[in-house]
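Coordinates from input08.tsv are shown below (TSV, C-alpha atoms).
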```
chain	number	residue	atom	x	y	z
J	1	MET	CA	-88.81	-33.01	-31.46
J	2	ALA	CA	-88.07	-29.48	-31.85
J	3	LEU	CA	-87.45	-29.25	-28.14
J	4	ALA	CA	-84.97	-32.08	-28.37
J	5	ASN	CA	-83.19	-30.32	-31.23
J	6	VAL	CA	-83.03	-27.07	-29.29
J	7	THR	CA	-81.72	-28.88	-26.21
J	8	GLN	CA	-79.24	-30.71	-28.34
J	9	GLU	CA	-78.22	-27.44	-30.03
J	10	ILE	CA	-77.80	-25.73	-26.63
J	11	SER	CA	-75.89	-28.71	-25.32
J	12	ARG	CA	-73.60	-28.72	-28.39
J	13	ALA	CA	-73.12	-24.96	-28.13
J	14	ALA	CA	-72.31	-25.38	-24.43
J	15	ASP	CA	-69.91	-28.24	-25.25
J	16	ASP	CA	-68.29	-26.14	-27.99
J	17	LYS	CA	-68.04	-23.18	-25.63
J	18	ALA	CA	-66.64	-25.45	-22.90
J	19	ALA	CA	-64.17	-26.97	-25.38
J	20	ALA	CA	-63.15	-23.49	-26.55
J	21	LEU	CA	-62.72	-22.31	-22.93
J	22	LYS	CA	-60.78	-25.49	-22.11
J	23	ALA	CA	-58.59	-25.03	-25.20
J	24	GLU	CA	-58.04	-21.38	-24.21
J	25	ALA	CA	-57.26	-22.42	-20.64
J	26	ASP	CA	-54.92	-25.17	-21.87
J	27	ALA	CA	-53.17	-22.65	-24.12
J	28	GLU	CA	-52.88	-20.20	-21.20
J	29	ILE	CA	-51.57	-23.00	-18.96
J	30	ALA	CA	-49.06	-24.02	-21.65
J	31	LYS	CA	-47.93	-20.38	-22.02
J	32	ILE	CA	-47.60	-19.96	-18.26
J	33	GLN	CA	-45.75	-23.30	-18.04
J	34	ALA	CA	-43.43	-22.27	-20.92
J	35	ASP	CA	-42.76	-18.89	-19.28
J	36	ALA	CA	-42.11	-20.61	-15.93
J	37	ASP	CA	-39.80	-23.16	-17.59
J	38	ALA	CA	-37.92	-20.36	-19.39
J	39	LYS	CA	-37.60	-18.38	-16.13
J	40	ILE	CA	-36.47	-21.53	-14.28
J	41	ALA	CA	-33.95	-22.31	-17.03
J	42	GLU	CA	-32.65	-18.72	-16.91
J	43	LEU	CA	-32.36	-18.80	-13.11
J	44	LYS	CA	-30.72	-22.24	-13.25
J	45	GLU	CA	-28.23	-21.00	-15.86
J	46	LYS	CA	-27.41	-17.94	-13.73
J	47	GLU	CA	-27.07	-20.08	-10.60
J	48	ASP	CA	-24.92	-22.66	-12.42
J	49	LYS	CA	-22.67	-19.83	-13.66
J	50	ARG	CA	-22.49	-18.32	-10.16
J	51	ILE	CA	-21.63	-21.71	-8.68
J	52	ALA	CA	-18.99	-22.34	-11.37
J	53	ASP	CA	-17.51	-18.88	-10.76
J	54	GLU	CA	-17.50	-19.50	-7.00
J	55	ILE	CA	-15.84	-22.90	-7.49
J	56	ASP	CA	-13.21	-21.27	-9.74
J	57	ARG	CA	-12.64	-18.53	-7.17
J	58	LEU	CA	-12.30	-21.06	-4.35
J	59	ASN	CA	-9.93	-23.18	-6.47
J	60	ARG	CA	-7.79	-20.13	-7.27
J	61	GLN	CA	-7.85	-19.11	-3.61
J	62	GLU	CA	-6.89	-22.63	-2.51
J	63	MET	CA	-4.13	-22.79	-5.12
J	64	SER	CA	-2.85	-19.39	-4.12
J	65	SER	CA	-2.92	-20.40	-0.47
J	66	ALA	CA	-1.06	-23.63	-1.25
J	67	GLU	CA	1.55	-21.72	-3.29
J	68	LEU	CA	2.00	-19.24	-0.44
J	69	GLU	CA	2.39	-22.05	2.08
J	70	SER	CA	4.88	-23.75	-0.23
J	71	LYS	CA	6.87	-20.52	-0.56
J	72	LYS	CA	6.84	-20.12	3.22
J	73	LEU	CA	8.18	-23.64	3.66
J	74	VAL	CA	10.90	-23.08	1.06
J	75	LEU	CA	11.83	-19.74	2.62
J	76	ALA	CA	11.96	-21.27	6.10
J	77	LYS	CA	14.21	-24.06	4.80
J	78	LYS	CA	16.44	-21.53	3.04
J	79	LYS	CA	16.69	-19.49	6.25
J	80	GLU	CA	17.57	-22.67	8.15
J	81	ILE	CA	20.28	-23.54	5.62
J	82	MET	CA	21.61	-19.97	5.68
J	83	SER	CA	21.68	-20.03	9.47
J	84	GLU	CA	23.50	-23.37	9.44
J	85	ALA	CA	26.03	-21.96	6.95
J	86	TYR	CA	26.57	-18.91	9.16
J	87	GLU	CA	26.98	-21.01	12.32
J	88	SER	CA	29.31	-23.42	10.51
J	89	MET	CA	31.51	-20.56	9.30
J	90	LEU	CA	31.62	-18.98	12.77
J	91	SER	CA	32.48	-22.35	14.30
J	92	GLN	CA	35.28	-22.86	11.76
J	93	LEU	CA	36.72	-19.41	12.53
J	94	GLU	CA	36.52	-19.88	16.28
J	95	GLY	CA	37.91	-23.44	16.12
J	96	ALA	CA	40.80	-22.66	13.78
J	97	PRO	CA	44.26	-23.91	14.79
J	98	ALA	CA	46.35	-21.58	16.97
J	99	ASP	CA	48.81	-20.71	14.17
J	100	VAL	CA	45.96	-19.67	11.86
J	101	LYS	CA	44.33	-17.60	14.60
J	102	LEU	CA	47.65	-15.94	15.48
J	103	ALA	CA	48.11	-14.85	11.85
J	104	GLN	CA	44.52	-13.53	11.73
J	105	TYR	CA	44.91	-11.72	15.08
J	106	LYS	CA	48.16	-10.10	13.96
J	107	SER	CA	46.39	-8.87	10.83
J	108	MET	CA	43.56	-7.49	12.98
J	109	VAL	CA	46.06	-5.67	15.20
J	110	GLU	CA	47.79	-4.11	12.17
J	111	LYS	CA	44.43	-2.84	10.85
J	112	ALA	CA	43.48	-1.48	14.29
J	113	LYS	CA	46.83	0.35	14.61
J	114	GLN	CA	45.58	2.68	11.86
J	115	ILE	CA	43.08	3.94	14.47
J	116	ILE	CA	44.69	3.11	17.83
J	117	ASP	CA	48.45	3.68	18.26
J	118	LYS	CA	49.21	1.20	21.06
J	119	PRO	CA	46.13	-0.99	21.45
J	120	LYS	CA	45.44	-3.39	24.24
J	121	ALA	CA	43.71	-6.63	23.24
J	122	LEU	CA	40.73	-8.37	24.79
J	123	MET	CA	40.40	-11.97	23.63
J	124	SER	CA	38.71	-15.26	24.42
J	125	GLU	CA	39.72	-17.15	27.54
J	126	ASN	CA	40.41	-20.07	25.17
J	127	ASP	CA	43.18	-18.16	23.38
J	128	SER	CA	46.59	-17.85	25.05
J	129	PHE	CA	48.53	-15.42	22.89
J	130	THR	CA	50.89	-12.97	24.54
J	131	ALA	CA	51.05	-9.24	23.97
J	132	ALA	CA	54.44	-9.70	22.27
J	133	GLU	CA	53.03	-12.34	19.89
J	134	LEU	CA	50.16	-10.06	18.90
J	135	GLY	CA	52.13	-6.81	18.85
J	136	VAL	CA	49.90	-5.03	21.39
J	137	ALA	CA	50.49	-3.20	24.67
J	138	SER	CA	48.67	-5.80	26.79
J	139	VAL	CA	46.33	-8.79	26.59
J	140	MET	CA	43.31	-9.52	28.78
J	141	ALA	CA	40.97	-12.50	28.67
J	142	ASP	CA	37.26	-11.68	28.40
J	143	SER	CA	34.59	-14.35	28.89
J	144	ARG	CA	32.19	-12.53	26.53
J	145	ILE	CA	34.51	-13.10	23.57
J	146	SER	CA	34.44	-16.50	21.88
J	147	GLY	CA	36.85	-15.71	19.04
J	148	GLY	CA	38.61	-12.73	17.55
J	149	LEU	CA	39.72	-9.60	19.36
J	150	ILE	CA	38.45	-6.36	20.78
J	151	LEU	CA	41.19	-3.76	20.59
J	152	GLN	CA	41.08	-0.71	22.84
J	153	SER	CA	43.11	2.41	23.38
J	154	GLU	CA	45.03	2.50	26.68
J	155	ASP	CA	42.40	4.79	28.25
J	156	GLY	CA	39.51	2.67	26.85
J	157	THR	CA	37.89	5.55	24.95
J	158	VAL	CA	38.44	4.04	21.50
J	159	GLU	CA	37.45	0.46	20.74
J	160	VAL	CA	37.64	-1.63	17.58
J	161	ASP	CA	35.48	-4.76	17.69
J	162	MET	CA	37.14	-7.48	15.62
J	163	GLN	CA	35.40	-10.47	17.14
J	164	TYR	CA	34.74	-13.18	14.60
J	165	SER	CA	31.00	-12.95	15.29
J	166	THR	CA	30.99	-9.19	14.66
J	167	LEU	CA	33.10	-9.37	11.51
J	168	LEU	CA	31.15	-12.32	10.12
J	169	GLN	CA	27.83	-10.60	10.84
J	170	GLU	CA	28.98	-7.45	8.98
J	171	ILE	CA	30.11	-9.49	5.98
J	172	TRP	CA	26.96	-11.63	6.17
J	173	ASP	CA	24.67	-8.60	6.21
J	174	ARG	CA	26.53	-6.99	3.32
J	175	GLU	CA	26.80	-10.16	1.20
J	176	ILE	CA	23.60	-12.05	2.11
J	177	LYS	CA	22.23	-11.78	-1.42
J	178	ALA	CA	25.42	-13.18	-2.96
J	179	VAL	CA	25.55	-16.00	-0.39
J	180	SER	CA	21.89	-16.82	-1.09
J	181	ASP	CA	22.56	-16.83	-4.85
J	182	ILE	CA	25.52	-19.20	-4.36
J	183	LEU	CA	23.53	-21.56	-2.14
J	184	PHE	CA	20.23	-21.48	-4.02
J	185	GLY	CA	20.96	-19.94	-7.43
```
Mind turning the file's structure into structure tokens?
Amino acid sequence: MALANVTQEISRAADDKAAALKAEADAEIAKIQADADAKIAELKEKEDKRIADEIDRLNRQEMSSAELESKKLVLAKKKEIMSEAYESMLSQLEGAPADVKLAQYKSMVEKAKQIIDKPKALMSENDSFTAAELGVASVMADSRISGGLILQSEDGTVEVDMQYSTLLQEIWDREIKAVSDILFG
């Protein structure tokens, strides 16, 4: 029986040793699993933050792009309205009644006489004012002029451009900010 006790003792010792090794291995596995889970959680947290930051960046970029596109559309519409206002004003000047145009042309001639003593007038083929009516030396029709006058010295060396399109463009360029404020302010 002593042999059976020894065998049993060896078997129990082996089982205890195996149980201790298994417990040690289980503890090591649990530690490795915990470390892996912590590392995975850390990586997931970093990745989630990176994704959230990227989504925020893309949202800001998309919003910025949409705002820029909106501003472009508004600006294009403002330019269109400004252009329509300019064209409307030019059309009103060029289509004014003859008596209004004559008064404006006489005023232009008086201003030009400060530079040119006896100017000759170039005007639209649609206007039919005489030199006497305008107070100039002579009148010639010019197909390039749609409204207003070009006044020249007799020898053609001095010229004052008082076409409606020229005058309106000068005023427009100088006062564009004020016109924009009136229309859109």
Spatial neighbours of Ala141 (chain J), max dist 9 Å, only C-alpha atoms, sep filter under 6 positions, as an NGL selection string:
:J and (121-128)
Find the residues near Thr130 (chain J): any atom within 9 Å, counting only C-alpha atoms, skip ones fewer than 6 places away on the same chain, and give them as a ChimeraX atom specification.
/J:136,138-139
Of the listed residues J:Arg57, J:Arg174, J:Phe129, J:Met162, that which approaches Ser107 (chain J) most closely, counting only C-alpha atoms:
J:Met162
What is the CA of Asp142 (chain J)-CA of Ser88 (chain J) distance in Å, reported with one decimal?
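These two atoms are separated by 22.8 Å.
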Would you mind reading off the distance between CA of Met108 (chain J) and CA of Arg144 (chain J), one decimal, in Å?
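Separation of CA of Met108 (chain J) and CA of Arg144 (chain J): 18.4 Å.
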All residues 12 Å or closer to Lys78 (chain J), all atoms listed in the file, same chain fewer than 6 positions away omitted, as a PyMOL selection string:
chain J and resi 71-72+84-85+176+179-185
Pull region 102-147 of chain J out of the block and emit N, CA and C atoms, as a PDB file, in the first residue's frame.
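And here is the file that came out, out34.pdb:
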```pdb
ATOM      1  N   LEU J 102     -31.095 118.663 -75.641  1.00  0.00           N
ATOM      2  CA  LEU J 102     -30.559 119.956 -76.097  1.00  0.00           C
ATOM      3  C   LEU J 102     -30.016 120.750 -74.915  1.00  0.00           C
ATOM      4  N   ALA J 103     -30.748 120.772 -73.811  1.00  0.00           N
ATOM      5  CA  ALA J 103     -30.285 121.499 -72.618  1.00  0.00           C
ATOM      6  C   ALA J 103     -28.990 120.882 -72.099  1.00  0.00           C
ATOM      7  N   GLN J 104     -28.917 119.544 -72.072  1.00  0.00           N
ATOM      8  CA  GLN J 104     -27.703 118.865 -71.595  1.00  0.00           C
ATOM      9  C   GLN J 104     -26.532 119.153 -72.538  1.00  0.00           C
ATOM     10  N   TYR J 105     -26.779 119.100 -73.842  1.00  0.00           N
ATOM     11  CA  TYR J 105     -25.715 119.325 -74.830  1.00  0.00           C
ATOM     12  C   TYR J 105     -25.193 120.748 -74.735  1.00  0.00           C
ATOM     13  N   LYS J 106     -26.102 121.702 -74.544  1.00  0.00           N
ATOM     14  CA  LYS J 106     -25.668 123.106 -74.398  1.00  0.00           C
ATOM     15  C   LYS J 106     -24.765 123.256 -73.172  1.00  0.00           C
ATOM     16  N   SER J 107     -25.134 122.571 -72.090  1.00  0.00           N
ATOM     17  CA  SER J 107     -24.318 122.613 -70.871  1.00  0.00           C
ATOM     18  C   SER J 107     -22.945 121.991 -71.130  1.00  0.00           C
ATOM     19  N   MET J 108     -22.922 120.896 -71.882  1.00  0.00           N
ATOM     20  CA  MET J 108     -21.649 120.252 -72.226  1.00  0.00           C
ATOM     21  C   MET J 108     -20.771 121.191 -73.050  1.00  0.00           C
ATOM     22  N   VAL J 109     -21.383 121.886 -73.998  1.00  0.00           N
ATOM     23  CA  VAL J 109     -20.635 122.820 -74.858  1.00  0.00           C
ATOM     24  C   VAL J 109     -20.040 123.932 -74.007  1.00  0.00           C
ATOM     25  N   GLU J 110     -20.834 124.484 -73.077  1.00  0.00           N
ATOM     26  CA  GLU J 110     -20.342 125.567 -72.218  1.00  0.00           C
ATOM     27  C   GLU J 110     -19.136 125.110 -71.387  1.00  0.00           C
ATOM     28  N   LYS J 111     -19.216 123.881 -70.857  1.00  0.00           N
ATOM     29  CA  LYS J 111     -18.075 123.341 -70.088  1.00  0.00           C
ATOM     30  C   LYS J 111     -16.858 123.168 -70.994  1.00  0.00           C
ATOM     31  N   ALA J 112     -17.077 122.663 -72.205  1.00  0.00           N
ATOM     32  CA  ALA J 112     -15.964 122.410 -73.128  1.00  0.00           C
ATOM     33  C   ALA J 112     -15.328 123.708 -73.596  1.00  0.00           C
ATOM     34  N   LYS J 113     -16.097 124.799 -73.651  1.00  0.00           N
ATOM     35  CA  LYS J 113     -15.550 126.089 -74.100  1.00  0.00           C
ATOM     36  C   LYS J 113     -14.499 126.636 -73.137  1.00  0.00           C
ATOM     37  N   GLN J 114     -14.416 126.064 -71.939  1.00  0.00           N
ATOM     38  CA  GLN J 114     -13.351 126.445 -71.011  1.00  0.00           C
ATOM     39  C   GLN J 114     -12.010 125.902 -71.504  1.00  0.00           C
ATOM     40  N   ILE J 115     -12.060 124.876 -72.358  1.00  0.00           N
ATOM     41  CA  ILE J 115     -10.852 124.247 -72.888  1.00  0.00           C
ATOM     42  C   ILE J 115     -10.665 124.547 -74.374  1.00  0.00           C
ATOM     43  N   ILE J 116     -11.771 124.525 -75.124  1.00  0.00           N
ATOM     44  CA  ILE J 116     -11.735 124.721 -76.574  1.00  0.00           C
ATOM     45  C   ILE J 116     -12.564 125.968 -76.889  1.00  0.00           C
ATOM     46  N   ASP J 117     -11.949 126.954 -77.561  1.00  0.00           N
ATOM     47  CA  ASP J 117     -12.609 128.227 -77.828  1.00  0.00           C
ATOM     48  C   ASP J 117     -13.826 128.072 -78.735  1.00  0.00           C
ATOM     49  N   LYS J 118     -13.647 127.519 -79.918  1.00  0.00           N
ATOM     50  CA  LYS J 118     -14.751 127.357 -80.864  1.00  0.00           C
ATOM     51  C   LYS J 118     -14.839 125.881 -81.246  1.00  0.00           C
ATOM     52  N   PRO J 119     -15.478 125.082 -80.400  1.00  0.00           N
ATOM     53  CA  PRO J 119     -15.487 123.640 -80.664  1.00  0.00           C
ATOM     54  C   PRO J 119     -16.408 123.251 -81.816  1.00  0.00           C
ATOM     55  N   LYS J 120     -16.055 122.143 -82.427  1.00  0.00           N
ATOM     56  CA  LYS J 120     -16.994 121.507 -83.354  1.00  0.00           C
ATOM     57  C   LYS J 120     -17.521 120.278 -82.620  1.00  0.00           C
ATOM     58  N   ALA J 121     -18.763 119.896 -82.917  1.00  0.00           N
ATOM     59  CA  ALA J 121     -19.417 118.820 -82.175  1.00  0.00           C
ATOM     60  C   ALA J 121     -19.621 117.600 -83.055  1.00  0.00           C
ATOM     61  N   LEU J 122     -19.276 116.447 -82.490  1.00  0.00           N
ATOM     62  CA  LEU J 122     -19.606 115.158 -83.098  1.00  0.00           C
ATOM     63  C   LEU J 122     -20.724 114.586 -82.235  1.00  0.00           C
ATOM     64  N   MET J 123     -21.817 114.139 -82.881  1.00  0.00           N
ATOM     65  CA  MET J 123     -22.931 113.599 -82.103  1.00  0.00           C
ATOM     66  C   MET J 123     -23.555 112.422 -82.828  1.00  0.00           C
ATOM     67  N   SER J 124     -24.462 111.765 -82.146  1.00  0.00           N
ATOM     68  CA  SER J 124     -25.144 110.587 -82.679  1.00  0.00           C
ATOM     69  C   SER J 124     -25.906 110.932 -83.949  1.00  0.00           C
ATOM     70  N   GLU J 125     -26.003 109.950 -84.832  1.00  0.00           N
ATOM     71  CA  GLU J 125     -26.801 110.133 -86.050  1.00  0.00           C
ATOM     72  C   GLU J 125     -28.284 110.286 -85.709  1.00  0.00           C
ATOM     73  N   ASN J 126     -28.672 109.885 -84.517  1.00  0.00           N
ATOM     74  CA  ASN J 126     -30.070 109.986 -84.080  1.00  0.00           C
ATOM     75  C   ASN J 126     -30.436 111.385 -83.598  1.00  0.00           C
ATOM     76  N   ASP J 127     -29.436 112.207 -83.311  1.00  0.00           N
ATOM     77  CA  ASP J 127     -29.679 113.582 -82.871  1.00  0.00           C
ATOM     78  C   ASP J 127     -29.601 114.499 -84.095  1.00  0.00           C
ATOM     79  N   SER J 128     -30.433 115.550 -84.088  1.00  0.00           N
ATOM     80  CA  SER J 128     -30.471 116.439 -85.266  1.00  0.00           C
ATOM     81  C   SER J 128     -30.359 117.910 -84.858  1.00  0.00           C
ATOM     82  N   PHE J 129     -29.510 118.185 -83.905  1.00  0.00           N
ATOM     83  CA  PHE J 129     -29.335 119.566 -83.467  1.00  0.00           C
ATOM     84  C   PHE J 129     -28.393 120.292 -84.420  1.00  0.00           C
ATOM     85  N   THR J 130     -28.630 121.575 -84.587  1.00  0.00           N
ATOM     86  CA  THR J 130     -27.780 122.375 -85.471  1.00  0.00           C
ATOM     87  C   THR J 130     -26.652 123.000 -84.660  1.00  0.00           C
ATOM     88  N   ALA J 131     -25.655 123.497 -85.386  1.00  0.00           N
ATOM     89  CA  ALA J 131     -24.529 124.165 -84.738  1.00  0.00           C
ATOM     90  C   ALA J 131     -25.023 125.389 -83.971  1.00  0.00           C
ATOM     91  N   ALA J 132     -25.978 126.120 -84.550  1.00  0.00           N
ATOM     92  CA  ALA J 132     -26.518 127.312 -83.894  1.00  0.00           C
ATOM     93  C   ALA J 132     -27.238 126.934 -82.595  1.00  0.00           C
ATOM     94  N   GLU J 133     -28.010 125.844 -82.622  1.00  0.00           N
ATOM     95  CA  GLU J 133     -28.723 125.417 -81.412  1.00  0.00           C
ATOM     96  C   GLU J 133     -27.756 125.058 -80.292  1.00  0.00           C
ATOM     97  N   LEU J 134     -26.648 124.425 -80.652  1.00  0.00           N
ATOM     98  CA  LEU J 134     -25.677 123.978 -79.651  1.00  0.00           C
ATOM     99  C   LEU J 134     -24.678 125.064 -79.266  1.00  0.00           C
ATOM    100  N   GLY J 135     -24.488 126.042 -80.138  1.00  0.00           N
ATOM    101  CA  GLY J 135     -23.500 127.081 -79.872  1.00  0.00           C
ATOM    102  C   GLY J 135     -22.087 126.633 -80.198  1.00  0.00           C
ATOM    103  N   VAL J 136     -21.939 125.848 -81.289  1.00  0.00           N
ATOM    104  CA  VAL J 136     -20.634 125.346 -81.715  1.00  0.00           C
ATOM    105  C   VAL J 136     -20.352 125.796 -83.142  1.00  0.00           C
ATOM    106  N   ALA J 137     -19.117 125.604 -83.583  1.00  0.00           N
ATOM    107  CA  ALA J 137     -18.714 126.011 -84.928  1.00  0.00           C
ATOM    108  C   ALA J 137     -19.372 125.134 -85.996  1.00  0.00           C
ATOM    109  N   SER J 138     -19.439 123.829 -85.753  1.00  0.00           N
ATOM    110  CA  SER J 138     -20.058 122.922 -86.718  1.00  0.00           C
ATOM    111  C   SER J 138     -20.523 121.650 -86.010  1.00  0.00           C
ATOM    112  N   VAL J 139     -21.378 120.898 -86.705  1.00  0.00           N
ATOM    113  CA  VAL J 139     -21.899 119.645 -86.163  1.00  0.00           C
ATOM    114  C   VAL J 139     -21.707 118.560 -87.207  1.00  0.00           C
ATOM    115  N   MET J 140     -21.222 117.395 -86.744  1.00  0.00           N
ATOM    116  CA  MET J 140     -21.072 116.238 -87.636  1.00  0.00           C
ATOM    117  C   MET J 140     -21.657 115.019 -86.931  1.00  0.00           C
ATOM    118  N   ALA J 141     -22.356 114.198 -87.715  1.00  0.00           N
ATOM    119  CA  ALA J 141     -22.887 112.951 -87.167  1.00  0.00           C
ATOM    120  C   ALA J 141     -21.774 111.907 -87.160  1.00  0.00           C
ATOM    121  N   ASP J 142     -21.755 111.081 -86.119  1.00  0.00           N
ATOM    122  CA  ASP J 142     -20.739 110.026 -85.997  1.00  0.00           C
ATOM    123  C   ASP J 142     -21.447 108.758 -85.521  1.00  0.00           C
ATOM    124  N   SER J 143     -21.344 107.702 -86.320  1.00  0.00           N
ATOM    125  CA  SER J 143     -22.056 106.458 -86.016  1.00  0.00           C
ATOM    126  C   SER J 143     -21.542 105.772 -84.752  1.00  0.00           C
ATOM    127  N   ARG J 144     -20.364 106.116 -84.273  1.00  0.00           N
ATOM    128  CA  ARG J 144     -19.817 105.500 -83.056  1.00  0.00           C
ATOM    129  C   ARG J 144     -20.422 106.089 -81.794  1.00  0.00           C
ATOM    130  N   ILE J 145     -21.104 107.221 -81.915  1.00  0.00           N
ATOM    131  CA  ILE J 145     -21.674 107.899 -80.750  1.00  0.00           C
ATOM    132  C   ILE J 145     -23.155 107.541 -80.653  1.00  0.00           C
ATOM    133  N   SER J 146     -23.575 107.087 -79.473  1.00  0.00           N
ATOM    134  CA  SER J 146     -24.986 106.747 -79.295  1.00  0.00           C
ATOM    135  C   SER J 146     -25.724 107.807 -78.489  1.00  0.00           C
ATOM    136  N   GLY J 147     -25.023 108.664 -77.803  1.00  0.00           N
ATOM    137  CA  GLY J 147     -25.628 109.750 -77.043  1.00  0.00           C
ATOM    138  C   GLY J 147     -24.551 110.612 -76.435  1.00  0.00           C
TER     139      GLY J 147
END
```
